[in-house]
$ cat input34.cif   # mmCIF, C-alpha atoms and all ligand atoms
data_input
loop_
_atom_site.label_atom_id
_atom_site.label_comp_id
_atom_site.auth_asym_id
_atom_site.auth_seq_id
_atom_site.Cartn_x
_atom_site.Cartn_y
_atom_site.Cartn_z
CA MET A 1 93.99 99.37 88.13
CA HIS A 2 96.43 97.68 85.84
CA GLU A 3 94.28 94.71 84.91
CA LEU A 4 93.78 95.93 81.34
CA SER A 5 97.53 95.98 80.72
CA VAL A 6 97.87 92.58 82.39
CA ALA A 7 95.10 91.24 80.16
CA ALA A 8 96.88 92.68 77.11
CA THR A 9 100.10 90.95 78.13
CA MET A 10 98.20 87.68 78.54
CA VAL A 11 96.77 88.06 75.05
CA ASP A 12 100.23 88.78 73.58
CA LEU A 13 101.71 85.71 75.25
CA ALA A 14 98.78 83.53 74.14
CA VAL A 15 98.96 84.72 70.53
CA GLU A 16 102.66 83.93 70.48
CA GLU A 17 102.15 80.45 71.97
CA ALA A 18 99.20 79.67 69.71
CA ALA A 19 101.24 80.58 66.63
CA ARG A 20 104.07 78.38 67.85
CA LEU A 21 101.58 75.52 68.26
CA GLY A 22 100.12 76.10 64.81
CA ALA A 23 96.63 76.78 66.16
CA VAL A 24 93.96 78.06 63.79
CA ARG A 25 91.61 79.08 66.59
CA ILE A 26 91.90 79.85 70.27
CA HIS A 27 88.80 78.93 72.25
CA ALA A 28 89.95 79.68 75.75
CA LEU A 29 92.79 80.72 77.99
CA HIS A 30 93.13 79.05 81.38
CA LEU A 31 94.66 81.24 84.05
CA ARG A 32 95.92 80.36 87.53
CA LEU A 33 95.28 83.38 89.71
CA GLY A 34 96.71 83.49 93.24
CA ARG A 35 95.00 85.36 96.08
CA LEU A 36 98.24 87.26 96.67
CA SER A 37 98.90 88.16 93.04
CA GLY A 38 97.68 91.72 93.49
CA ILE A 39 95.30 91.26 90.58
CA VAL A 40 91.60 91.92 91.05
CA LYS A 41 89.74 89.06 89.39
CA GLU A 42 86.59 91.05 88.57
CA ALA A 43 88.64 93.81 86.95
CA LEU A 44 90.56 91.27 84.91
CA ILE A 45 87.34 89.65 83.67
CA PHE A 46 85.99 93.09 82.91
CA SER A 47 89.09 93.94 80.82
CA TRP A 48 89.24 90.63 78.98
CA ASP A 49 86.99 91.31 75.99
CA ALA A 50 88.59 94.66 75.32
CA ALA A 51 92.08 93.14 75.42
CA CYS A 52 91.04 90.38 72.98
CA GLN A 53 89.41 92.69 70.47
CA GLY A 54 91.07 92.61 67.06
CA THR A 55 93.42 89.77 68.02
CA ALA A 56 93.43 86.02 67.40
CA LEU A 57 91.75 85.68 70.80
CA GLU A 58 88.64 87.65 69.88
CA GLY A 59 85.71 85.73 71.38
CA ALA A 60 87.96 83.45 73.46
CA ASN A 61 86.88 82.56 76.98
CA LEU A 62 88.90 83.39 80.06
CA VAL A 63 88.80 80.49 82.51
CA ILE A 64 90.19 81.40 85.93
CA GLU A 65 91.33 78.95 88.56
CA ASP A 66 91.58 80.68 91.95
CA ILE A 67 94.63 79.66 93.92
CA PRO A 68 94.25 80.18 97.65
CA ALA A 69 97.22 81.47 99.62
CA ALA A 70 99.13 78.92 101.66
CA ILE A 71 101.90 79.18 104.23
CA TYR A 72 104.38 76.72 105.62
CA CYS A 73 103.78 76.20 109.34
CA GLY A 74 107.01 75.30 111.15
CA GLY A 75 105.14 74.09 114.23
CA CYS A 76 103.06 71.59 112.28
CA ASP A 77 105.86 71.02 109.74
CA THR A 78 103.37 71.22 106.89
CA GLU A 79 101.66 73.51 104.38
CA ARG A 80 98.47 75.21 105.46
CA GLU A 81 95.96 77.11 103.40
CA LEU A 82 95.20 80.56 104.80
CA GLN A 83 91.60 81.15 105.84
CA SER A 84 92.15 84.82 105.04
CA ILE A 85 95.06 86.80 103.61
CA GLN A 86 94.52 89.25 106.45
CA HIS A 87 95.74 86.70 108.99
CA PHE A 88 99.00 84.92 108.35
CA VAL A 89 98.45 82.21 110.94
CA CYS A 90 98.23 78.44 110.81
CA ALA A 91 94.57 77.41 110.82
CA VAL A 92 95.38 74.42 113.03
CA CYS A 93 97.92 75.48 115.66
CA GLY A 94 97.56 79.27 115.42
CA ALA A 95 101.28 79.92 114.92
CA SER A 96 102.13 82.81 112.63
CA SER A 97 104.24 82.37 109.52
CA VAL A 98 105.50 84.52 106.67
CA GLU A 99 106.69 81.63 104.56
CA ILE A 100 104.34 81.80 101.60
CA VAL A 101 104.26 78.62 99.54
CA ARG A 102 101.36 79.46 97.22
CA GLY A 103 99.12 82.33 96.22
CA GLY A 104 101.31 84.66 94.15
CA GLU A 105 100.45 82.94 90.86
CA LEU A 106 99.55 84.89 87.74
CA GLU A 107 100.14 82.18 85.24
CA ILE A 108 98.73 81.04 81.93
CA ALA A 109 98.11 77.37 82.67
CA ALA A 110 96.78 76.20 79.32
CA LEU A 111 95.24 77.18 75.99
CA GLU A 112 92.24 75.57 74.38
CA ILE A 113 93.05 75.57 70.67
CA GLU A 114 92.24 73.82 67.46
CA MET B 1 86.74 71.39 58.15
CA MET B 2 86.23 71.58 61.91
CA GLY B 3 88.90 70.40 64.30
CA THR B 4 88.23 69.47 67.89
CA PRO B 5 89.54 71.87 70.46
CA ARG B 6 92.40 70.49 72.50
CA LEU B 7 93.82 71.69 75.78
CA VAL B 8 97.53 72.43 75.65
CA GLU B 9 99.39 73.06 78.87
CA ILE B 10 101.48 76.23 78.76
CA ARG B 11 102.49 77.25 82.31
CA GLN B 12 103.73 80.75 81.67
CA ASN B 13 104.16 83.48 84.24
CA VAL B 14 102.35 86.51 82.81
CA LEU B 15 104.80 88.95 84.42
CA LYS B 16 107.91 86.99 83.46
CA GLN B 17 109.24 89.88 81.38
CA ASN B 18 109.19 92.19 84.39
CA ASP B 19 110.54 89.54 86.75
CA LEU B 20 113.45 88.87 84.41
CA LEU B 21 114.32 92.55 84.08
CA ALA B 22 114.06 92.97 87.86
CA ARG B 23 116.40 90.06 88.42
CA ASN B 24 118.95 91.63 86.06
CA LEU B 25 118.61 94.96 87.82
CA ARG B 26 119.14 93.36 91.24
CA GLN B 27 122.29 91.72 89.93
CA ARG B 28 123.54 95.08 88.61
CA PHE B 29 122.78 96.76 91.93
CA ASN B 30 124.63 94.06 93.84
CA ASP B 31 127.61 94.19 91.50
CA ALA B 32 127.78 97.97 91.85
CA GLY B 33 127.45 97.78 95.65
CA VAL B 34 124.46 100.12 95.76
CA MET B 35 121.62 99.55 98.20
CA VAL B 36 118.28 100.16 96.47
CA ILE B 37 115.24 101.04 98.56
CA SER B 38 111.77 101.54 97.12
CA LEU B 39 108.84 103.30 98.76
CA VAL B 40 105.17 102.52 98.25
CA SER B 41 102.10 104.06 99.88
CA SER B 42 98.71 105.50 99.11
CA PRO B 43 98.79 108.96 97.50
CA GLY B 44 99.95 111.63 99.92
CA ALA B 45 101.10 109.37 102.77
CA GLY B 46 104.36 111.30 102.87
CA LYS B 47 106.86 109.48 100.65
CA THR B 48 108.42 112.59 99.13
CA LEU B 49 108.87 114.49 102.40
CA PHE B 50 110.31 111.36 104.02
CA LEU B 51 112.74 111.06 101.11
CA GLU B 52 113.64 114.75 101.16
CA LYS B 53 114.71 114.42 104.79
CA THR B 54 116.44 111.10 104.20
CA LEU B 55 118.47 112.34 101.24
CA ALA B 56 119.51 115.45 103.13
CA ALA B 57 120.55 113.48 106.21
CA LEU B 58 122.45 110.74 104.41
CA SER B 59 124.21 112.90 101.85
CA SER B 60 126.86 114.11 104.30
CA GLN B 61 128.16 110.55 104.69
CA TYR B 62 126.93 108.65 101.68
CA ARG B 63 126.43 109.07 97.95
CA VAL B 64 122.68 109.06 97.43
CA ALA B 65 120.30 109.43 94.49
CA ALA B 66 116.60 109.02 93.82
CA LEU B 67 114.08 108.12 91.16
CA VAL B 68 110.52 109.27 91.63
CA GLY B 69 107.46 107.94 89.86
CA ASP B 70 104.29 109.96 89.33
CA LEU B 71 101.45 109.81 86.83
CA ALA B 72 102.18 113.41 85.85
CA THR B 73 104.20 116.50 86.89
CA GLU B 74 107.83 116.83 87.90
CA ASN B 75 106.94 118.43 91.23
CA ASP B 76 108.24 115.63 93.44
CA ALA B 77 111.56 115.49 91.58
CA SER B 78 111.96 119.26 91.95
CA ARG B 79 111.33 118.96 95.68
CA LEU B 80 113.90 116.18 96.02
CA ALA B 81 116.43 117.96 93.82
CA ARG B 82 116.63 120.73 96.42
CA THR B 83 118.68 118.28 98.50
CA GLN B 84 121.41 118.44 95.79
CA ALA B 85 121.20 114.67 95.27
CA PRO B 86 120.89 113.44 91.67
CA VAL B 87 117.17 112.94 91.05
CA ARG B 88 115.19 111.77 88.07
CA GLN B 89 111.44 111.85 87.59
CA ILE B 90 109.64 108.96 85.94
CA THR B 91 106.29 110.12 84.60
CA THR B 92 104.20 107.06 83.93
CA GLY B 93 101.33 108.75 82.07
CA THR B 94 98.37 106.44 82.60
CA VAL B 95 100.30 103.61 84.26
CA CYS B 96 99.51 103.41 87.96
CA HIS B 97 102.76 101.81 89.13
CA LEU B 98 106.45 101.58 88.29
CA GLU B 99 107.80 98.61 86.33
CA ALA B 100 111.35 97.29 86.15
CA ALA B 101 111.71 98.54 82.56
CA MET B 102 110.93 102.12 83.65
CA VAL B 103 113.57 101.94 86.37
CA GLU B 104 116.11 100.53 83.93
CA ARG B 105 115.40 103.32 81.44
CA ALA B 106 115.60 106.02 84.10
CA LEU B 107 119.04 104.80 85.19
CA GLU B 108 120.60 105.27 81.76
CA GLY B 109 123.83 107.24 81.95
CA TRP B 110 124.22 106.86 85.72
CA ASN B 111 127.22 105.01 87.03
CA LEU B 112 125.72 102.86 89.77
CA SER B 113 129.04 102.17 91.45
CA ASP B 114 129.22 105.90 92.26
CA LEU B 115 126.27 105.41 94.62
CA ASP B 116 125.78 103.97 98.11
CA PHE B 117 122.00 104.36 98.23
CA LEU B 118 119.40 104.69 95.51
CA PHE B 119 115.82 105.45 96.53
CA VAL B 120 112.85 104.76 94.27
CA GLU B 121 109.54 106.44 95.08
CA ASN B 122 106.70 104.51 93.47
CA VAL B 123 103.45 106.04 92.23
CA GLY B 124 101.04 106.60 95.13
CA ASN B 125 98.97 103.40 94.96
CA LEU B 126 98.50 100.55 97.43
CA VAL B 127 97.30 97.95 94.93
CA CYS B 128 99.21 97.72 91.67
CA PRO B 129 102.87 98.13 92.76
CA SER B 130 102.65 94.87 94.71
CA SER B 131 102.81 92.77 91.53
CA TYR B 132 105.95 94.41 90.13
CA ASP B 133 109.42 93.60 91.36
CA LEU B 134 111.75 96.54 90.68
CA GLY B 135 114.95 94.76 91.63
CA GLU B 136 115.11 96.69 94.90
CA ASN B 137 116.90 95.32 97.98
CA LEU B 138 114.40 96.72 100.43
CA ARG B 139 110.80 97.82 100.02
CA LEU B 140 109.18 100.21 102.45
CA VAL B 141 105.43 100.57 102.74
CA LEU B 142 104.35 103.85 104.31
CA MET B 143 101.03 104.55 106.01
CA SER B 144 100.14 107.83 107.61
CA VAL B 145 98.29 108.17 110.91
CA THR B 146 95.45 109.93 109.08
CA GLU B 147 94.61 106.87 106.98
CA GLY B 148 93.20 104.64 109.70
CA GLU B 149 94.72 101.80 111.67
CA ASP B 150 93.24 99.06 109.48
CA LYS B 151 95.03 100.05 106.25
CA PRO B 152 97.12 96.85 106.33
CA LEU B 153 93.99 94.69 106.60
CA LYS B 154 92.50 96.46 103.59
CA TYR B 155 95.66 96.10 101.50
CA PRO B 156 97.35 92.93 102.79
CA THR B 157 99.09 92.12 99.51
CA ILE B 158 101.15 95.30 99.38
CA PHE B 159 102.17 94.97 103.03
CA ASN B 160 103.14 91.42 102.25
CA SER B 161 105.34 92.49 99.37
CA ALA B 162 107.24 94.96 101.60
CA ASP B 163 110.03 94.50 104.14
CA ILE B 164 109.54 97.45 106.49
CA ALA B 165 106.40 99.38 107.45
CA VAL B 166 106.77 103.09 108.17
CA ILE B 167 104.02 104.86 110.06
CA THR B 168 104.23 108.51 108.99
CA LYS B 169 102.97 111.89 110.24
CA ILE B 170 103.05 110.85 113.90
CA ASP B 171 103.03 114.56 114.78
CA LEU B 172 99.33 114.37 113.83
CA ALA B 173 98.64 111.20 115.83
CA SER B 174 96.83 112.74 118.77
CA ALA B 175 94.84 115.16 116.60
CA VAL B 176 93.34 112.22 114.70
CA GLU B 177 93.23 109.92 117.78
CA PHE B 178 95.49 107.43 116.10
CA ASP B 179 95.58 104.08 117.91
CA LEU B 180 99.18 102.90 117.50
CA GLN B 181 98.53 99.54 119.15
CA ALA B 182 95.70 98.76 116.75
CA ALA B 183 97.87 99.71 113.77
CA LEU B 184 100.71 97.49 114.98
CA CYS B 185 98.24 94.62 115.39
CA SER B 186 96.98 95.02 111.82
CA ILE B 187 100.53 94.99 110.47
CA GLU B 188 101.45 91.95 112.56
CA SER B 189 98.36 90.14 111.30
CA VAL B 190 99.18 90.52 107.60
CA ARG B 191 102.94 90.21 107.94
CA PRO B 192 104.05 88.63 111.21
CA GLY B 193 107.37 89.96 112.50
CA MET B 194 107.43 92.92 110.13
CA HIS B 195 109.78 95.67 111.25
CA VAL B 196 107.86 98.89 111.96
CA ILE B 197 109.23 102.43 112.23
CA GLU B 198 107.20 105.42 113.41
CA VAL B 199 108.24 108.82 112.11
CA SER B 200 107.33 112.39 111.50
CA ALA B 201 109.32 113.65 108.55
CA LYS B 202 108.02 117.10 109.45
CA THR B 203 109.39 117.30 113.01
CA GLY B 204 112.19 114.76 112.48
CA ASP B 205 110.79 112.51 115.20
CA GLY B 206 111.87 108.88 114.68
CA MET B 207 113.99 109.67 111.63
CA GLU B 208 117.23 108.85 113.44
CA ALA B 209 115.93 105.32 114.12
CA TRP B 210 115.22 104.96 110.41
CA TYR B 211 118.76 105.99 109.45
CA GLN B 212 120.07 103.48 111.99
CA THR B 213 118.17 100.64 110.35
CA LEU B 214 119.95 101.44 107.08
CA ARG B 215 123.37 101.17 108.63
CA PRO B 216 123.72 97.39 109.04
CA HIS B 217 122.49 96.88 105.50
CA GLN B 218 125.09 99.24 104.15
CA ILE B 219 127.85 97.64 106.19
CA LYS B 220 126.81 94.16 105.09
CA LYS B 221 126.69 95.32 101.47
CA ARG B 222 130.15 96.76 101.67
CA GLU B 223 131.64 93.62 103.18
CA ILE B 224 130.12 91.62 100.36
CA THR B 225 131.59 93.91 97.70
CA GLU B 226 134.98 93.95 99.47
CA GLN B 227 135.07 90.17 99.57
CA ALA B 228 134.08 89.99 95.93
CA LYS B 229 137.10 92.05 94.93
N1 LIG C 301 102.07 116.96 109.52
C1 LIG C 301 102.82 116.26 108.66
N2 LIG C 301 102.60 116.38 107.33
C2 LIG C 301 103.35 115.66 106.50
C3 LIG C 301 104.36 114.77 106.96
N3 LIG C 301 104.91 114.16 105.88
C4 LIG C 301 104.30 114.67 104.80
N4 LIG C 301 103.35 115.57 105.16
C5 LIG C 301 102.47 116.35 104.27
O1 LIG C 301 101.60 115.46 103.57
C6 LIG C 301 101.42 115.93 102.23
C7 LIG C 301 101.81 114.85 101.25
O2 LIG C 301 103.18 114.56 101.44
P1 LIG C 301 104.10 114.00 100.28
O3 LIG C 301 105.44 113.78 100.85
O4 LIG C 301 104.00 114.83 99.07
O5 LIG C 301 103.36 112.61 100.01
P2 LIG C 301 103.62 111.53 98.85
O6 LIG C 301 103.35 110.21 99.46
O7 LIG C 301 104.94 111.76 98.24
O8 LIG C 301 102.47 111.89 97.81
P3 LIG C 301 102.31 111.35 96.29
O9 LIG C 301 103.67 111.33 95.68
O10 LIG C 301 101.38 112.35 95.67
O11 LIG C 301 101.68 110.00 96.42
C8 LIG C 301 102.23 117.20 102.09
O12 LIG C 301 101.39 118.30 102.32
C9 LIG C 301 103.26 117.05 103.20
O13 LIG C 301 103.74 118.29 103.65
C10 LIG C 301 104.57 114.68 108.38
O14 LIG C 301 105.42 113.93 108.88
N5 LIG C 301 103.76 115.44 109.18
MG MG C 302 105.49 111.99 96.21
ZN ZN C 303 100.55 74.96 112.58
#

$ encode --input "input34.cif" --output "structure tokens"
Amino acid sequence: MHELSVAATMVDLAVEEAARLGAVRIHALHLRLGRLSGIVKEALIFSWDAACQGTALEGANLVIEDIPAAIYCGGCDTERELQSIQHFVCAVCGASSVEIVRGGELEIAALEIE
Amino acid sequence: MMGTPRLVEIRQNVLKQNDLLARNLRQRFNDAGVMVISLVSSPGAGKTLFLEKTLAALSSQYRVAALVGDLATENDASRLARTQAPVRQITTGTVCHLEAAMVERALEGWNLSDLDFLFVENVGNLVCPSSYDLGENLRLVLMSVTEGEDKPLKYPTIFNSADIAVITKIDLASAVEFDLQAALCSIESVRPGMHVIEVSAKTGDGMEAWYQTLRPHQIKKREITEQAK
């Protein structure tokens, strides 16, 4: 369970960015969260308010965009979304692949500021 | 005066600090010609015993050292230190995983080019260590026969972040009716083609095969450093 420390890092980065942008208020932080990031979404949401307390983000919303995992399938020569991260196989041809092209994201996408 | 909120694109990796440190560490390890191997598993899967045996076996031919992460106590470091290899404990306090900065700090004062192999035992945890690159060249994920064959399906992300799977405590396999085939299937499902080693650190079964897998890496490493000179 390291979501609280991850949330705290997010807050630090956002405060820094907001200051750079000359923001007077931060309404929301938009996060891209990959299925293979190792971060538990519910735990992150649960930690959010505590991490924001006493900072410029107090009261700010956390908006999470879930990024599904995707592999590159050599057989089909294309990217395929995984149906489940327990099965690294192409959903169309059934070939297995370890070439991950998406899903590891833990990225602040945007800030809603004024 | 009320402004209207505006959406400003940022695109910042939250763990960039760790990733950057890990990249620097990997560069240092490569420059020094030391092969760095980290171990992750659930608590008690057998990382320390596996390392004890590995350090003892390799130390006749190679210069080896280890870092060992735990929430508290220096017990694991004391166990490993019995092998005479240089060992340092990293106590993380409340942090449930190692981070690149902790590894960097623990290495202070060590001359990396004096080493052939450096082992890093992570805190027993199958979730959190997957997000943190430590700059290692090889990551092992250990699972013991007593944990159930479907461990990889329950923790796909950590298996995915690792290079080799080690099934430990095979001396207990029949007592717990461990189904090796089922375990291999689970591993293959979450990480197709993953190299799997089955060992008992207690009896020594399978350990020779593990040492053999280290050999080509070491040889390759050395050629690279020779060429670089
Ligand atoms: N039978 C048997 N027991 C083992 C084997 N390897 C480890 N054990 C036992 O399992 C227990 C835990 O082993 P450790 O090596 O301390 O496990 P660990 O993964 O380092 O544990 P943490 O650092 O606490 O996460 C100890 O009682 C070991 O003696 C093995 O191959 N066979
Ligand atoms: Mg241990
Ligand atoms: Zn395909």

$ residues_near_ligand --input "input34.cif" --ligand "ligand LIG 301 (chain C)" --cutoff "7 Å" --atoms "only C-alpha atoms and all ligand atoms" --output "number ranges by chain"
B: 41-50, 70, 76, 123-124, 168-172, 199-203

$ interface_residues --input "input34.cif" --of "chain A" --to "chain B" --cutoff "10 Å" --atoms "only C-alpha atoms" --output "PyMOL selection string"
chain A and resi 1-3+5-7+9-14+17-18+21+23-32+35-40+84-89+95-100+104-114

$ residues_near_point --input "input34.cif" --point "(112.6, 98.4, 103.2)" --cutoff "7 Å" --atoms "only C-alpha atoms" --output "list in words"
Ile37, Ser38, Leu138, Arg139, Leu140, Ala162, Asp163 and Ile164 of chain B

$ residues_near_point --input "input34.cif" --point "(129.4, 105.6, 87.3)" --cutoff "12 Å" --atoms "only C-alpha atoms" --output "ChimeraX atom specification"
/B:29,32-34,63,107-116

$ closest_residue --input "input34.cif" --among "B:Val103, B:Leu118, B:Ala65, B:Leu134" --to "Ala81 of chain B" --atoms "only C-alpha atoms"
B:Ala65

$ residues_around --input "input34.cif" --residues "Ala165 of chain B" --least-positions-apart "6" --cutoff "8 Å" --atoms "only C-alpha atoms" --output "MDAnalysis selection string"
chainID B and resid 140:143 159 187 194:197

$ atom_distance --input "input34.cif" --atom1 "atom CA of Val15 of chain A" --atom2 "atom CA of Glu42 of chain A"
22.8 Å

$ residues_near_ligand --input "input34.cif" --ligand "ligand ZN 303 (chain C)" --cutoff "10 Å" --atoms "only C-alpha atoms and all ligand atoms" --output "PyMOL selection string"
chain A and resi 71-80+89-97

$ closest_residue --input "input34.cif" --among "B:Arg105, B:Arg28, B:Arg88, B:Arg79" --to "ligand MG 302 (chain C)" --atoms "only C-alpha atoms and all ligand atoms"
B:Arg79

$ atom_distance --input "input34.cif" --atom1 "atom CA of Asp31 of chain B" --atom2 "atom CA of Glu52 of chain B"
26.7 Å

$ closest_residue --input "input34.cif" --among "A:Ile67, A:Ala19, A:Ala60, A:Ala51" --to "Arg102 of chain A" --atoms "all atoms listed in the file"
A:Ile67

$ atom_distance --input "input34.cif" --atom1 "atom CA of Leu21 of chain B" --atom2 "atom CA of Pro216 of chain B"
27.1 Å

$ closest_residue --input "input34.cif" --among "B:Val68, B:Val87, B:Leu184, B:Ala209" --to "ligand MG 302 (chain C)" --atoms "only C-alpha atoms and all ligand atoms"
B:Val68

$ closest_residue --input "input34.cif" --among "B:Glu121, B:Glu99, B:Asp179, B:Glu104" --to "ligand MG 302 (chain C)" --atoms "all atoms listed in the file"
B:Glu121

$ closest_residue --input "input34.cif" --among "B:Gln61, B:Val120, B:Thr54, B:Thr83" --to "ligand MG 302 (chain C)" --atoms "all atoms listed in the file"
B:Val120

$ residues_around --input "input34.cif" --residues "Asp49 of chain A" --least-positions-apart "3" --cutoff "8 Å" --atoms "all atoms listed in the file" --output "list of chain:residue names"
A:Ile45, A:Phe46, A:Cys52, A:Gln53, A:Glu58, A:Gly59
